>>> print(open('protein-v2.cif').read())   # mmCIF, C-alpha atoms
data_data
loop_
_atom_site.label_atom_id
_atom_site.label_comp_id
_atom_site.auth_asym_id
_atom_site.auth_seq_id
_atom_site.Cartn_x
_atom_site.Cartn_y
_atom_site.Cartn_z
CA GLU A 1 17.21 1.69 8.43
CA ILE A 2 20.86 1.40 9.52
CA ALA A 3 19.79 0.21 12.99
CA ALA A 4 17.50 -2.42 11.46
CA ALA A 5 20.06 -3.59 8.90
CA GLY A 6 22.87 -4.13 11.40
CA GLY A 7 20.91 -4.85 14.60
CA HIS A 8 22.32 -1.69 16.19
CA ASN A 9 21.11 -0.04 19.40
CA LEU A 10 19.75 3.47 18.86
CA LEU A 11 19.13 6.57 21.01
CA MET A 12 16.90 9.35 19.67
CA ILE A 13 16.73 12.75 21.33
CA GLY A 14 14.30 15.46 20.29
CA VAL A 15 11.52 17.79 21.36
CA PRO A 16 8.04 16.40 22.19
CA GLY A 17 6.04 15.58 19.08
CA SER A 18 9.03 15.18 16.77
CA GLY A 19 8.09 11.56 15.98
CA LYS A 20 10.54 9.58 18.13
CA THR A 21 7.95 7.13 19.45
CA MET A 22 6.33 6.72 16.04
CA LEU A 23 9.71 5.92 14.44
CA ALA A 24 10.51 3.37 17.13
CA ARG A 25 7.16 1.62 16.78
CA ARG A 26 7.59 1.43 12.98
CA LEU A 27 11.00 -0.24 13.24
CA SER A 28 9.49 -3.72 13.43
CA SER A 29 7.96 -3.23 9.97
CA ILE A 30 11.39 -2.93 8.31
CA LEU A 31 13.22 -5.65 10.25
CA PRO A 32 13.96 -8.90 8.39
CA ARG A 33 11.34 -11.60 8.82
CA LEU A 34 11.97 -14.20 11.51
CA SER A 35 13.77 -17.32 10.36
CA ARG A 36 12.36 -20.65 11.50
CA GLU A 37 15.16 -21.02 14.08
CA GLU A 38 14.49 -17.53 15.45
CA ALA A 39 10.74 -18.18 15.54
CA LEU A 40 11.31 -21.36 17.56
CA GLU A 41 13.47 -19.51 20.10
CA VAL A 42 10.93 -16.70 20.52
CA THR A 43 8.05 -19.19 20.82
CA LYS A 44 9.90 -21.11 23.58
CA ILE A 45 10.50 -17.90 25.53
CA TYR A 46 6.86 -16.80 25.33
CA SER A 47 5.71 -20.30 26.27
CA ILE A 48 7.93 -20.29 29.38
CA ALA A 49 6.63 -16.82 30.29
CA GLY A 50 3.03 -17.96 29.88
CA LEU A 51 2.39 -15.38 27.16
CA LEU A 52 1.70 -17.77 24.29
CA PRO A 53 -2.00 -17.86 23.31
CA GLN A 54 -3.75 -21.16 23.97
CA GLY A 55 -3.37 -23.33 20.88
CA GLY A 56 -1.17 -20.76 19.19
CA GLY A 57 1.52 -21.90 16.78
CA LEU A 58 4.96 -20.43 16.15
CA VAL A 59 5.39 -16.73 16.83
CA GLN A 60 5.75 -15.18 13.37
CA GLU A 61 6.36 -11.52 14.20
CA ARG A 62 9.47 -10.08 15.80
CA PRO A 63 8.74 -9.06 19.42
CA PHE A 64 8.28 -5.39 20.26
CA ARG A 65 8.41 -4.66 23.99
CA SER A 66 7.75 -1.20 25.38
CA PRO A 67 7.79 -1.31 29.21
CA HIS A 68 6.59 1.71 31.20
CA HIS A 69 9.23 3.80 32.95
CA THR A 70 7.96 2.56 36.33
CA THR A 71 9.09 -0.98 35.42
CA SER A 72 11.16 -2.54 38.20
CA MET A 73 14.67 -3.91 37.85
CA VAL A 74 13.40 -7.50 38.25
CA ALA A 75 10.70 -7.02 35.60
CA MET A 76 13.33 -5.63 33.21
CA ILE A 77 16.03 -8.25 33.71
CA GLY A 78 13.99 -11.23 34.86
CA GLY A 79 13.97 -13.08 38.17
CA GLY A 80 11.64 -14.04 40.97
CA SER A 81 11.72 -17.03 43.33
CA VAL A 82 11.12 -19.17 40.24
CA PRO A 83 13.08 -17.15 37.65
CA ARG A 84 11.00 -15.91 34.75
CA PRO A 85 12.13 -14.04 31.63
CA GLY A 86 12.21 -10.26 31.88
CA GLU A 87 11.67 -7.62 29.23
CA VAL A 88 15.20 -8.00 27.83
CA THR A 89 14.45 -11.67 27.10
CA LEU A 90 10.88 -11.13 25.88
CA ALA A 91 12.41 -8.77 23.29
CA HIS A 92 14.83 -11.48 22.04
CA HIS A 93 15.23 -11.27 18.23
CA GLY A 94 13.09 -8.13 18.32
CA VAL A 95 13.00 -4.61 19.76
CA LEU A 96 13.10 -3.31 23.34
CA PHE A 97 11.83 0.28 23.28
CA LEU A 98 12.42 2.54 26.28
CA ASP A 99 10.48 5.78 25.88
CA GLU A 100 11.32 8.75 28.13
CA LEU A 101 14.62 7.08 28.99
CA PRO A 102 15.70 9.36 31.87
CA GLU A 103 12.41 8.63 33.68
CA PHE A 104 13.47 5.02 34.30
CA SER A 105 15.20 4.44 37.62
CA LYS A 106 18.98 4.42 37.50
CA ALA A 107 19.12 0.88 38.88
CA THR A 108 16.79 -0.39 36.14
CA LEU A 109 18.90 1.23 33.43
CA GLU A 110 22.20 0.00 34.83
CA VAL A 111 21.13 -3.68 34.77
CA LEU A 112 20.85 -3.38 30.98
CA ARG A 113 24.62 -3.09 30.62
CA GLN A 114 25.44 -6.78 30.92
CA PRO A 115 22.71 -8.17 28.60
CA LEU A 116 23.56 -5.51 26.00
CA GLU A 117 27.18 -6.64 26.05
CA ASP A 118 26.72 -10.42 26.37
CA ARG A 119 23.33 -10.78 24.62
CA ALA A 120 22.30 -13.06 27.48
CA VAL A 121 21.34 -12.63 31.12
CA THR A 122 22.20 -15.05 33.91
CA ILE A 123 20.00 -15.27 37.00
CA SER A 124 21.40 -17.11 40.03
CA ARG A 125 19.28 -18.57 42.79
CA VAL A 126 20.08 -20.93 45.66
CA HIS A 127 19.05 -24.09 43.82
CA ALA A 128 19.73 -23.16 40.21
CA THR A 129 21.35 -20.76 37.78
CA LEU A 130 19.45 -19.94 34.60
CA THR A 131 20.65 -18.14 31.49
CA PHE A 132 18.09 -16.43 29.26
CA PRO A 133 18.93 -15.05 25.79
CA SER A 134 18.62 -11.30 25.22
CA SER A 135 19.78 -10.58 21.68
CA MET A 136 17.58 -7.57 20.94
CA ILE A 137 17.80 -4.10 19.44
CA LEU A 138 17.54 -1.46 22.15
CA ILE A 139 15.73 1.68 20.97
CA CYS A 140 15.65 4.63 23.37
CA ALA A 141 13.94 8.01 23.14
CA MET A 142 14.32 11.06 25.35
CA ASN A 143 13.74 14.81 25.45
CA PRO A 144 16.77 17.12 25.58
CA CYS A 145 15.73 18.48 28.99
CA PRO A 146 12.93 18.12 31.58
CA CYS A 147 10.62 20.60 29.81
CA GLY A 148 11.56 19.17 26.43
CA TYR A 149 12.45 22.32 24.49
CA TYR A 150 16.16 22.91 25.05
CA GLY A 151 17.81 23.84 21.74
CA ASP A 152 14.48 24.10 19.89
CA GLU A 153 15.24 27.34 18.07
CA SER A 154 12.81 26.69 15.19
CA GLY A 155 9.81 25.84 17.37
CA GLY A 156 9.30 29.17 19.07
CA ARG A 157 9.25 27.55 22.52
CA THR A 158 11.75 28.69 25.14
CA CYS A 159 13.37 26.17 27.45
CA GLU A 160 12.44 26.88 31.08
CA CYS A 161 15.04 24.57 32.65
CA THR A 162 18.11 25.75 34.51
CA PRO A 163 21.56 24.43 33.48
CA SER A 164 21.73 22.35 36.66
CA GLU A 165 18.32 20.78 35.92
CA ILE A 166 19.45 19.87 32.40
CA ARG A 167 22.69 18.33 33.70
CA ARG A 168 20.83 16.38 36.36
CA TYR A 169 18.34 15.12 33.75
CA THR A 170 20.93 13.95 31.20
CA ARG A 171 23.23 12.46 33.85
CA LYS A 172 20.62 9.81 34.55
CA ILE A 173 22.06 8.12 31.43
CA SER A 174 25.42 6.80 32.59
CA GLY A 175 28.50 6.83 30.39
CA PRO A 176 28.86 3.00 30.33
CA LEU A 177 25.24 2.59 29.20
CA LEU A 178 25.49 5.31 26.57
CA ASP A 179 28.72 3.73 25.34
CA ARG A 180 26.78 0.53 24.55
CA ILE A 181 24.35 2.35 22.25
CA ASP A 182 25.73 2.34 18.71
CA ILE A 183 23.80 5.24 17.18
CA HIS A 184 22.99 8.58 18.83
CA ILE A 185 20.86 10.97 16.78
CA ARG A 186 18.77 14.11 17.14
CA VAL A 187 15.26 13.98 15.74
CA PRO A 188 14.34 17.44 14.42
CA ARG A 189 10.91 19.02 14.71
CA VAL A 190 8.65 18.08 11.78
CA ALA A 191 8.09 21.05 9.45
CA TYR A 192 4.55 22.03 8.41
CA GLN A 193 5.46 21.49 4.74
CA GLU A 194 6.37 17.88 5.48
CA LEU A 195 3.09 17.26 7.27
CA THR A 196 1.04 18.62 4.35
CA SER A 197 3.19 17.21 1.52
CA LYS A 198 1.42 14.95 -0.98
CA ARG A 199 4.67 13.27 -2.04
CA ARG A 200 4.54 9.54 -1.41
CA ALA A 201 7.30 8.24 0.84
CA GLU A 202 8.94 4.86 0.48
CA SER A 203 6.90 1.98 1.85
CA SER A 204 8.15 -0.14 4.73
CA GLU A 205 8.26 -3.11 2.36
CA THR A 206 10.71 -1.28 0.06
CA ILE A 207 12.98 -0.37 2.99
CA ARG A 208 12.72 -3.92 4.36
CA GLY A 209 13.96 -5.20 1.00
CA ARG A 210 17.17 -3.18 1.37
CA VAL A 211 17.54 -4.26 4.99
CA GLU A 212 17.20 -7.94 4.07
CA GLN A 213 19.79 -7.60 1.28
CA ALA A 214 22.23 -6.04 3.76
CA ARG A 215 21.51 -8.84 6.27
CA GLN A 216 22.23 -11.46 3.60
CA ARG A 217 25.66 -9.92 3.03
CA GLN A 218 26.30 -9.99 6.77
CA LEU A 219 25.11 -13.59 7.11
CA ALA A 220 27.46 -14.76 4.34
CA ARG A 221 30.37 -12.98 6.05
CA LEU A 222 29.61 -13.91 9.67
CA GLN A 223 28.06 -17.38 9.53
CA PRO A 224 31.44 -19.12 10.05
CA PHE A 225 31.63 -17.29 13.40
CA GLY A 226 28.07 -18.12 14.46
CA ARG A 227 26.93 -14.49 14.11
CA PHE A 228 24.04 -13.13 12.05
CA CYS A 229 24.42 -9.35 12.00
CA ASN A 230 27.13 -6.74 12.39
CA ALA A 231 26.11 -5.69 15.90
CA GLN A 232 26.96 -9.20 17.16
CA MET A 233 30.64 -9.04 16.14
CA ASN A 234 33.28 -9.01 18.85
CA HIS A 235 36.67 -7.33 18.51
CA THR A 236 38.39 -10.45 17.14
CA ILE A 237 35.79 -11.01 14.42
CA LEU A 238 35.78 -7.32 13.60
CA GLN A 239 39.54 -7.34 12.99
CA ARG A 240 39.21 -10.29 10.62
CA VAL A 241 36.25 -9.25 8.48
CA CYS A 242 36.18 -5.42 8.62
CA PRO A 243 39.28 -4.09 6.79
CA LEU A 244 39.48 -0.29 6.42
CA THR A 245 41.05 1.67 3.59
CA ASP A 246 44.06 3.77 4.57
CA GLU A 247 41.95 6.93 4.32
CA ALA A 248 39.24 5.42 6.52
CA GLN A 249 41.83 4.34 9.09
CA SER A 250 43.30 7.85 9.24
CA LEU A 251 39.85 9.40 9.67
CA LEU A 252 38.94 6.99 12.47
CA GLU A 253 42.22 7.69 14.26
CA LEU A 254 41.53 11.43 14.07
CA ALA A 255 38.00 10.94 15.48
CA PHE A 256 39.29 8.61 18.21
CA ARG A 257 41.81 11.17 19.44
CA ARG A 258 39.63 14.28 19.16
CA MET A 259 36.52 12.72 20.71
CA ASN A 260 38.40 10.77 23.43
CA LEU A 261 36.59 7.60 22.40
CA SER A 262 36.70 4.37 24.39
CA ALA A 263 37.79 1.04 22.93
CA ARG A 264 34.12 0.01 22.90
CA SER A 265 33.19 3.13 20.92
CA TYR A 266 35.97 2.36 18.44
CA ASP A 267 34.50 -1.10 17.78
CA ARG A 268 30.94 0.17 17.53
CA ILE A 269 31.82 2.87 15.01
CA ILE A 270 33.40 0.23 12.78
CA LYS A 271 30.34 -2.01 13.15
CA VAL A 272 27.98 0.80 12.12
CA ALA A 273 30.32 1.75 9.25
CA ARG A 274 30.26 -1.87 8.08
CA THR A 275 26.44 -1.80 8.06
CA ILE A 276 26.41 1.48 6.10
CA ALA A 277 28.79 -0.12 3.60
CA ASP A 278 26.52 -3.19 3.35
CA LEU A 279 23.49 -0.99 2.62
CA ASP A 280 25.67 0.81 0.06
CA GLY A 281 26.54 -2.48 -1.63
CA ALA A 282 30.20 -1.63 -1.06
CA PRO A 283 33.03 -4.19 -1.29
CA GLU A 284 34.62 -5.69 1.81
CA GLU A 285 36.85 -2.69 2.54
CA ILE A 286 35.17 0.05 4.56
CA ALA A 287 35.67 3.47 2.96
CA ALA A 288 36.27 6.84 4.62
CA LYS A 289 32.72 8.02 3.79
CA HIS A 290 31.29 5.08 5.73
CA ILE A 291 33.45 5.86 8.77
CA ALA A 292 32.52 9.56 8.52
CA GLU A 293 28.79 8.76 8.60
CA ALA A 294 29.21 6.29 11.47
CA VAL A 295 31.14 8.88 13.53
CA GLN A 296 28.43 11.47 12.86
CA LEU A 297 25.76 9.00 13.99
CA ARG A 298 27.58 8.57 17.29
CA SER A 299 28.30 12.22 18.08
CA ASP A 300 25.19 14.06 16.98
CA ILE A 301 23.37 14.53 20.30
CA GLY A 302 26.15 16.08 22.34
CA LEU A 303 25.87 13.71 25.34
CA SER A 304 29.36 12.77 26.46
CA VAL A 305 30.16 9.18 27.40
CA GLU A 306 33.23 10.25 29.39
#
>>> encode(input="protein-v2.cif", output="structure tokens")
Amino acid sequence: EIAAAGGHNLLMIGVPGSGKTMLARRLSSILPRLSREEALEVTKIYSIAGLLPQGGGLVQERPFRSPHHTTSMVAMIGGGSVPRPGEVTLAHHGVLFLDELPEFSKATLEVLRQPLEDRAVTISRVHATLTFPSSMILICAMNPCPCGYYGDESGGRTCECTPSEIRRYTRKISGPLLDRIDIHIRVPRVAYQELTSKRRAESSETIRGRVEQARQRQLARLQPFGRFCNAQMNHTILQRVCPLTDEAQSLLELAFRRMNLSARSYDRIIKVARTIADLDGAPEEIAAKHIAEAVQLRSDIGLSVE
């Protein structure tokens, strides 16, 4: 819900069968509906890529792209002798889901760094240079180790991987890429009682209502800067529209020093805290509790970005 409300990138780590893929595929159902301007942009992209059905009108649903881990660097970023949009562009205004993240080649993962930062990708050829938009939410899922059961005390399965195998597996995710993912969380194993519970959960429509209210607050705040959600803020905008209480500032300074955070991590924690505050209906000042939750959402999986 926080990722959807603020447009934040998300990494989920958990044992096989904990629901990571299901959660990712359900994200589209709680995202705000496409505006007419967004629908036009997405329709143009799919028309250029030759993916628009014959006689089809405007694309009405946010894109959800889930490329296989064998996807090449060119297919991910776009290119070819006549440059065509890649997966990062086909997911524009929607979701790019990378399941089994460490199984992607390192080169394919590393080319994501620039479009995640700039929300656009530039492809240069001899006769032309083209820029494609790539403002998407990146959702990643991975196991904690090659066998998938490291740290799964409650599941009764013992991890069979050696420490060196685990390090080699997690090191496929580089620090600079991990640093560009706003939210890092562990997805726990689903308990039997939860599977058999008759209690009705909230519907996607109810959650989408809260997400859209939070987006409206962001739009009112960021429209003068040409931005539409918190994840799109740069450092200058963040300084102007994201004031922190004194207590929140002290807490963030403590986290920054103890966790050896980068400047990018500092900005992203404030962005996530601003989204949490928007969902909370909080005033313009970000409180310490919002910073505390944002820090927790960035440190929960134990993968270092240093």
>>> atom_distance(input="protein-v2.cif", atom1="CA of Gly56 in chain A", atom2="CA of Glu87 in chain A")
20.9 Å
>>> closest_residue(input="protein-v2.cif", among="A:Ala294, A:Ile45, A:Leu11, A:Leu261", to="Leu58 in chain A", atoms="only C-alpha atoms")
A:Ile45
>>> closest_residue(input="protein-v2.cif", among="A:Thr236, A:Asn143, A:Asn230, A:Thr206", to="Arg274 in chain A", atoms="all atoms listed in the file")
A:Asn230
>>> closest_residue(input="protein-v2.cif", among="A:His68, A:His93, A:Arg171, A:Lys20", to="Glu38 in chain A", atoms="all atoms listed in the file")
A:His93
>>> resolve_selection(input="protein-v2.cif", expression="the PyMOL selection byres ((chain A and resi 256) around 12)", output="ChimeraX atom specification")
/A:249-255,257-270,291-292,295,298-299
>>> resolve_selection(input="protein-v2.cif", expression="the PyMOL selection byres ((chain A and resi 170) around 8)", output="list of chain:residue names")
A:Pro102, A:Pro144, A:Cys145, A:Ile166, A:Arg167, A:Arg168, A:Tyr169, A:Arg171, A:Lys172, A:Ile173, A:Leu303
>>> resolve_selection(input="protein-v2.cif", expression="the PyMOL selection byres ((chain A and resi 10) around 9)", output="PyMOL selection string")
chain A and resi 3+8-9+11-12+137-141+181-185
>>> write_last_selection(input="protein-v2.cif", atoms="C-alpha atoms", output="mmCIF file, in the frame of the given file")
data_model
loop_
_atom_site.group_PDB
_atom_site.id
_atom_site.type_symbol
_atom_site.label_atom_id
_atom_site.label_comp_id
_atom_site.auth_asym_id
_atom_site.auth_seq_id
_atom_site.Cartn_x
_atom_site.Cartn_y
_atom_site.Cartn_z
ATOM 1 C CA ALA A 3 19.790 0.210 12.990
ATOM 2 C CA HIS A 8 22.320 -1.690 16.190
ATOM 3 C CA ASN A 9 21.110 -0.040 19.400
ATOM 4 C CA LEU A 11 19.130 6.570 21.010
ATOM 5 C CA MET A 12 16.900 9.350 19.670
ATOM 6 C CA ILE A 137 17.800 -4.100 19.440
ATOM 7 C CA LEU A 138 17.540 -1.460 22.150
ATOM 8 C CA ILE A 139 15.730 1.680 20.970
ATOM 9 C CA CYS A 140 15.650 4.630 23.370
ATOM 10 C CA ALA A 141 13.940 8.010 23.140
ATOM 11 C CA ILE A 181 24.350 2.350 22.250
ATOM 12 C CA ASP A 182 25.730 2.340 18.710
ATOM 13 C CA ILE A 183 23.800 5.240 17.180
ATOM 14 C CA HIS A 184 22.990 8.580 18.830
ATOM 15 C CA ILE A 185 20.860 10.970 16.780
#
>>> closest_residue(input="protein-v2.cif", among="A:Ile276, A:Met73, A:Met142, A:Ile237", to="Leu109 in chain A", atoms="all atoms listed in the file")
A:Met73
>>> atom_distance(input="protein-v2.cif", atom1="CA of Val15 in chain A", atom2="CA of Gly94 in chain A")
26.1 Å
>>> residues_around(input="protein-v2.cif", residues="range 217-227 of chain A", least_positions_apart="2", cutoff="12 Å", atoms="all atoms listed in the file", output="PyMOL selection string")
chain A and resi 5-7+119+135+210-215+229-234+236-238+240-242+271+274-284
>>> atom_distance(input="protein-v2.cif", atom1="CA of Leu31 in chain A", atom2="CA of Phe97 in chain A")
14.4 Å
>>> closest_residue(input="protein-v2.cif", among="A:Ala288, A:Leu51, A:Ala39, A:Ile207", to="Leu244 in chain A", atoms="all atoms listed in the file")
A:Ala288
>>> residues_around(input="protein-v2.cif", residues="Ser28 in chain A", least_positions_apart="2", cutoff="9 Å", atoms="only C-alpha atoms", output="mmCIF file with C-alpha atoms, in the coordinates of the input")
data_model
loop_
_atom_site.group_PDB
_atom_site.id
_atom_site.type_symbol
_atom_site.label_atom_id
_atom_site.label_comp_id
_atom_site.auth_asym_id
_atom_site.auth_seq_id
_atom_site.Cartn_x
_atom_site.Cartn_y
_atom_site.Cartn_z
ATOM 1 C CA ALA A 4 17.500 -2.420 11.460
ATOM 2 C CA ALA A 24 10.510 3.370 17.130
ATOM 3 C CA ARG A 25 7.160 1.620 16.780
ATOM 4 C CA ARG A 26 7.590 1.430 12.980
ATOM 5 C CA ILE A 30 11.390 -2.930 8.310
ATOM 6 C CA LEU A 31 13.220 -5.650 10.250
ATOM 7 C CA PRO A 32 13.960 -8.900 8.390
ATOM 8 C CA GLU A 61 6.360 -11.520 14.200
ATOM 9 C CA ARG A 62 9.470 -10.080 15.800
ATOM 10 C CA PRO A 63 8.740 -9.060 19.420
ATOM 11 C CA PHE A 64 8.280 -5.390 20.260
ATOM 12 C CA GLY A 94 13.090 -8.130 18.320
ATOM 13 C CA VAL A 95 13.000 -4.610 19.760
#
>>> residues_around(input="protein-v2.cif", residues="Ser134 in chain A", least_positions_apart="4", cutoff="10 Å", atoms="all atoms listed in the file", output="short mmCIF file (atom, residue, chain, number, x, y, z; two decimals) with C-alpha atoms, keeping the file's coordinate frame")
data_model
loop_
_atom_site.label_atom_id
_atom_site.label_comp_id
_atom_site.auth_asym_id
_atom_site.auth_seq_id
_atom_site.Cartn_x
_atom_site.Cartn_y
_atom_site.Cartn_z
CA ILE A 77 16.03 -8.25 33.71
CA PRO A 85 12.13 -14.04 31.63
CA GLY A 86 12.21 -10.26 31.88
CA GLU A 87 11.67 -7.62 29.23
CA VAL A 88 15.20 -8.00 27.83
CA THR A 89 14.45 -11.67 27.10
CA LEU A 90 10.88 -11.13 25.88
CA ALA A 91 12.41 -8.77 23.29
CA HIS A 92 14.83 -11.48 22.04
CA HIS A 93 15.23 -11.27 18.23
CA GLY A 94 13.09 -8.13 18.32
CA LEU A 96 13.10 -3.31 23.34
CA GLN A 114 25.44 -6.78 30.92
CA PRO A 115 22.71 -8.17 28.60
CA LEU A 116 23.56 -5.51 26.00
CA GLU A 117 27.18 -6.64 26.05
CA ASP A 118 26.72 -10.42 26.37
CA ARG A 119 23.33 -10.78 24.62
CA ALA A 120 22.30 -13.06 27.48
CA VAL A 121 21.34 -12.63 31.12
#
>>> closest_residue(input="protein-v2.cif", among="A:Lys44, A:His69, A:Lys198, A:Arg113", to="Gly175 in chain A", atoms="all atoms listed in the file")
A:Arg113
>>> axis_aligned_box(input="protein-v2.cif", around="range 96-110 of chain A", padding_each_side="4 Å", output="JSON")
{"center_x": 16.3, "center_y": 3.0, "center_z": 31.1, "size_x": 19.7, "size_y": 20.7, "size_z": 23.6}
>>> build_atoms(input="protein-v2.cif", residues="range 245-261 of chain A", atoms="N, CA, C and O atoms", output="short mmCIF file (atom, residue, chain, number, x, y, z; two decimals), keeping the file's coordinate frame")
data_model
loop_
_atom_site.label_atom_id
_atom_site.label_comp_id
_atom_site.auth_asym_id
_atom_site.auth_seq_id
_atom_site.Cartn_x
_atom_site.Cartn_y
_atom_site.Cartn_z
N THR A 245 40.08 1.04 4.49
CA THR A 245 41.05 1.67 3.59
C THR A 245 41.97 2.55 4.42
O THR A 245 41.67 2.90 5.57
N ASP A 246 43.12 2.92 3.84
CA ASP A 246 44.06 3.77 4.57
C ASP A 246 43.42 5.10 4.95
O ASP A 246 43.63 5.61 6.06
N GLU A 247 42.62 5.66 4.04
CA GLU A 247 41.95 6.93 4.32
C GLU A 247 40.94 6.79 5.46
O GLU A 247 40.84 7.66 6.34
N ALA A 248 40.22 5.67 5.46
CA ALA A 248 39.24 5.42 6.52
C ALA A 248 39.93 5.24 7.87
O ALA A 248 39.46 5.74 8.90
N GLN A 249 41.07 4.55 7.87
CA GLN A 249 41.83 4.34 9.09
C GLN A 249 42.34 5.66 9.67
O GLN A 249 42.26 5.90 10.88
N SER A 250 42.81 6.54 8.79
CA SER A 250 43.30 7.85 9.24
C SER A 250 42.17 8.68 9.82
O SER A 250 42.35 9.36 10.85
N LEU A 251 41.00 8.63 9.18
CA LEU A 251 39.85 9.40 9.67
C LEU A 251 39.39 8.88 11.03
O LEU A 251 39.08 9.67 11.94
N LEU A 252 39.37 7.57 11.20
CA LEU A 252 38.94 6.99 12.47
C LEU A 252 39.93 7.32 13.58
O LEU A 252 39.53 7.61 14.71
N GLU A 253 41.21 7.32 13.27
CA GLU A 253 42.22 7.69 14.26
C GLU A 253 42.05 9.13 14.71
O GLU A 253 42.13 9.45 15.90
N LEU A 254 41.76 10.02 13.75
CA LEU A 254 41.53 11.43 14.07
C LEU A 254 40.31 11.58 14.99
O LEU A 254 40.36 12.30 16.00
N ALA A 255 39.21 10.89 14.66
CA ALA A 255 38.00 10.94 15.48
C ALA A 255 38.25 10.36 16.87
O ALA A 255 37.79 10.91 17.88
N PHE A 256 39.00 9.28 16.93
CA PHE A 256 39.29 8.61 18.21
C PHE A 256 40.03 9.55 19.15
O PHE A 256 39.73 9.64 20.34
N ARG A 257 41.01 10.29 18.60
CA ARG A 257 41.81 11.17 19.44
C ARG A 257 41.04 12.43 19.84
O ARG A 257 41.08 12.86 20.99
N ARG A 258 40.32 13.02 18.89
CA ARG A 258 39.63 14.28 19.16
C ARG A 258 38.42 14.10 20.06
O ARG A 258 38.08 14.98 20.84
N MET A 259 37.74 12.96 19.94
CA MET A 259 36.52 12.72 20.71
C MET A 259 36.77 11.93 21.98
O MET A 259 35.83 11.63 22.72
N ASN A 260 38.05 11.56 22.24
CA ASN A 260 38.40 10.77 23.43
C ASN A 260 37.53 9.52 23.54
O ASN A 260 36.94 9.23 24.58
N LEU A 261 37.46 8.77 22.46
CA LEU A 261 36.59 7.60 22.40
C LEU A 261 37.17 6.44 23.21
O LEU A 261 38.38 6.31 23.35
#
